[in-house]
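Below is one structure, written out as structure tokens; the observations come after it.
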Amino acid sequence: VQVTGTGGKNMGSDFKSHQQPHWDVLQPWLQRILEEGGIPSQLNLITGKACIRLVVTVLIIEDGGNLKDASLLACMAAWKDTKLPVVGKDLVEVQGKFWWKQGRSITSQQPPESEADLVETNSESRDFRMSLSMGVWVHPTSRTTHLLVDPSAEEEPFLEGTLTVVISMSTHQLQVDYAGKVALTATDLALAAKLAKGRAEELQTVLVPTR
């Protein structure tokens, strides 16, 4: 996974120095989530001999806050549209090299003549993952803890922490990432899990189309 950015109203002259540390955290986080989602195993051509290298580039045009959710959703959309060649059907091995059956090498920069040259794996067989990030805000007088879903760039400086729940759409297992100064209760975590499951249900029909 590569994370890069370009101009935008929230990307002034001091943007790089202010946001680059955040990108340094975002990139390995995306890499970990994609790897745990089983993507590497689906890029294998011949065990121990060859595999496909998949590079996902996240281009941040404008940072309005909560880059984790937006970036992961973009990665999942790209993975949904990715079509993988199959050895024997799309590719043939000749002296340790793979060639398209039409006579082109898989390493050729020339695109296939049609989308039929690639075989798309069934979207339902892929483990799509989505995340829901919530800011942890503490009331200044009552000292009660509140979860703020999808915090904006203006709200993030006032937060005491960030809680991100990642949910697998195939197994429905949850993964919780939390970085903050405030201890969260079981009730807080249960609410966060419920909100994440609700977001997953909203995106289910988009990422995993029904037959």
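Labels for the structure tokens follow display order: chains A, B, ..., residues from 1 in each chain, ligands from 1.
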If we count only C-alpha atoms, what is near Arg199 of chain A at a cut-off of 10 Å, once residues fewer than 6 positions away on the same chain are taken out, given as a PDB file with C-alpha atoms, in the first residue's frame?
```pdb
ATOM      1  CA  MET A 130     -14.777  -1.973   6.504  1.00  0.00           C
ATOM      2  CA  SER A 131     -14.027   0.284   9.418  1.00  0.00           C
ATOM      3  CA  LEU A 132     -15.870   2.797  11.535  1.00  0.00           C
ATOM      4  CA  ILE A 167     -15.433  -5.693  10.732  1.00  0.00           C
ATOM      5  CA  ALA A 193     -19.406  -2.541  17.896  1.00  0.00           C
TER       6      ALA A 193
END
```
DSSP on the backbone: what in segment 151-193 of chain A comes out alpha helix (DSSP H), as a list of chain:residue names?
-> A:Ala186, A:Thr187, A:Asp188, A:Leu189, A:Ala190, A:Leu191, A:Ala192, A:Ala193
Keeping N, CA, C and O atoms for every residue in the selection just given, could you write it to a file as a compact mmCIF listing (two decimals), in the first residue's frame?
```txt
# COMPACT_ATOMS: atom_id res chain seq x y z
N ALA A 186 -16.89 -1.26 29.03
CA ALA A 186 -17.49 -2.31 28.21
C ALA A 186 -18.71 -1.77 27.46
O ALA A 186 -18.99 -2.17 26.33
N THR A 187 -19.42 -0.85 28.08
CA THR A 187 -20.58 -0.24 27.43
C THR A 187 -20.16 0.58 26.22
O THR A 187 -20.82 0.55 25.17
N ASP A 188 -19.06 1.32 26.35
CA ASP A 188 -18.55 2.10 25.23
C ASP A 188 -18.17 1.19 24.06
O ASP A 188 -18.49 1.48 22.90
N LEU A 189 -17.50 0.09 24.35
CA LEU A 189 -17.06 -0.82 23.30
C LEU A 189 -18.25 -1.53 22.65
O LEU A 189 -18.26 -1.76 21.44
N ALA A 190 -19.26 -1.86 23.45
CA ALA A 190 -20.45 -2.51 22.91
C ALA A 190 -21.19 -1.57 21.96
O ALA A 190 -21.68 -1.97 20.90
N LEU A 191 -21.26 -0.30 22.33
CA LEU A 191 -21.91 0.70 21.47
C LEU A 191 -21.12 0.87 20.17
O LEU A 191 -21.71 0.94 19.08
N ALA A 192 -19.80 0.91 20.28
CA ALA A 192 -18.96 1.05 19.09
C ALA A 192 -19.14 -0.14 18.15
O ALA A 192 -19.22 0.02 16.92
N ALA A 193 -19.21 -1.34 18.71
CA ALA A 193 -19.41 -2.54 17.90
C ALA A 193 -20.76 -2.51 17.19
O ALA A 193 -20.88 -2.88 16.02
```
Just how far from atom CA of Leu59 of chain A is atom CA of Lys80 of chain A, in Å to one decimal?
->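 We find that atom CA of Lys80 of chain A and atom CA of Leu59 of chain A lie 17.8 Å from each other.
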Atom-to-atom span, atom CA of Val176 of chain A and atom CA of Thr164 of chain A, Å =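 Between these atoms lies a distance of 5.9 Å.
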Give the answer as one residue: which of A:Val3, A:Leu195, A:Val87, A:Val165 has the shortest atom-to-atom distance to Arg129 of chain A, using only C-alpha atoms?
-> A:Val165
Mind listing the strand (DSSP E or B) residues of segment 39-169 of chain A, per DSSP on the backbone, as a PyMOL selection string?
-> chain A and resi 44-46+50-51+57-60+84+87+91-94+97-100+105+119+129-138+145-149+161-168
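Going from atom CA of Glu160 of chain A over to atom CA of Ala70 of chain A, you cover 21.2 Å.
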Using only C-alpha atoms, which of the listed residues (A:Val1, A:Thr162, A:Trp29, A:Ser170) sits closest to Arg53 of chain A?
->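 Of all the options, A:Val1 lies closest to Arg53 of chain A.
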Within 9 Å of Gln42 of chain A using only C-alpha atoms, minus same-chain residues under 4 positions, as an MDAnalysis selection string | chainID A and resid 38 51:52 84 126
Just to be explicit: take each residue in the selection above, keep all heavy atoms, and write the result as a compact mmCIF listing (two decimals), in the first residue's frame.
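Result file follows (again_1.txt):
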```
# COMPACT_ATOMS: atom_id res chain seq x y z
N GLY A 38 -6.76 -11.55 3.89
CA GLY A 38 -6.53 -12.71 3.02
C GLY A 38 -6.19 -12.38 1.59
O GLY A 38 -6.16 -13.28 0.74
N CYS A 51 3.89 -15.37 -7.83
CA CYS A 51 2.67 -14.73 -7.33
C CYS A 51 2.55 -13.36 -7.98
O CYS A 51 3.49 -12.86 -8.60
CB CYS A 51 2.68 -14.62 -5.81
SG CYS A 51 3.96 -13.51 -5.18
N ILE A 52 1.40 -12.78 -7.84
CA ILE A 52 1.13 -11.46 -8.40
C ILE A 52 1.44 -10.40 -7.35
O ILE A 52 1.10 -10.56 -6.17
CB ILE A 52 -0.34 -11.34 -8.84
CG1 ILE A 52 -0.64 -12.33 -9.95
CG2 ILE A 52 -0.66 -9.92 -9.30
CD1 ILE A 52 -2.10 -12.37 -10.34
N LEU A 84 -8.23 -11.10 -11.54
CA LEU A 84 -6.99 -11.86 -11.42
C LEU A 84 -6.91 -12.93 -12.51
O LEU A 84 -7.89 -13.64 -12.76
CB LEU A 84 -6.90 -12.52 -10.05
CG LEU A 84 -6.97 -11.58 -8.84
CD1 LEU A 84 -7.00 -12.39 -7.56
CD2 LEU A 84 -5.79 -10.61 -8.85
N ARG A 126 -14.49 -13.15 -1.51
CA ARG A 126 -13.48 -12.27 -0.95
C ARG A 126 -13.95 -11.72 0.39
O ARG A 126 -15.12 -11.44 0.59
CB ARG A 126 -13.18 -11.12 -1.92
CG ARG A 126 -12.62 -11.60 -3.25
CD ARG A 126 -12.24 -10.45 -4.15
NE ARG A 126 -11.71 -10.93 -5.42
CZ ARG A 126 -11.26 -10.14 -6.40
NH1 ARG A 126 -11.31 -8.82 -6.24
NH2 ARG A 126 -10.79 -10.66 -7.50
```
Residue nearest Trp23 of chain A - candidates A:Lys197, A:Lys68, A:His139, A:Lys49, atoms counted: only C-alpha atoms =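 Among the listed residues, the smallest separation from Trp23 of chain A belongs to A:Lys68.
Counting only C-alpha atoms and comparing A:Lys89, A:Pro40, A:Asp127, A:Glu156, the residue that lies closest to Leu67 of chain A is A:Glu156.
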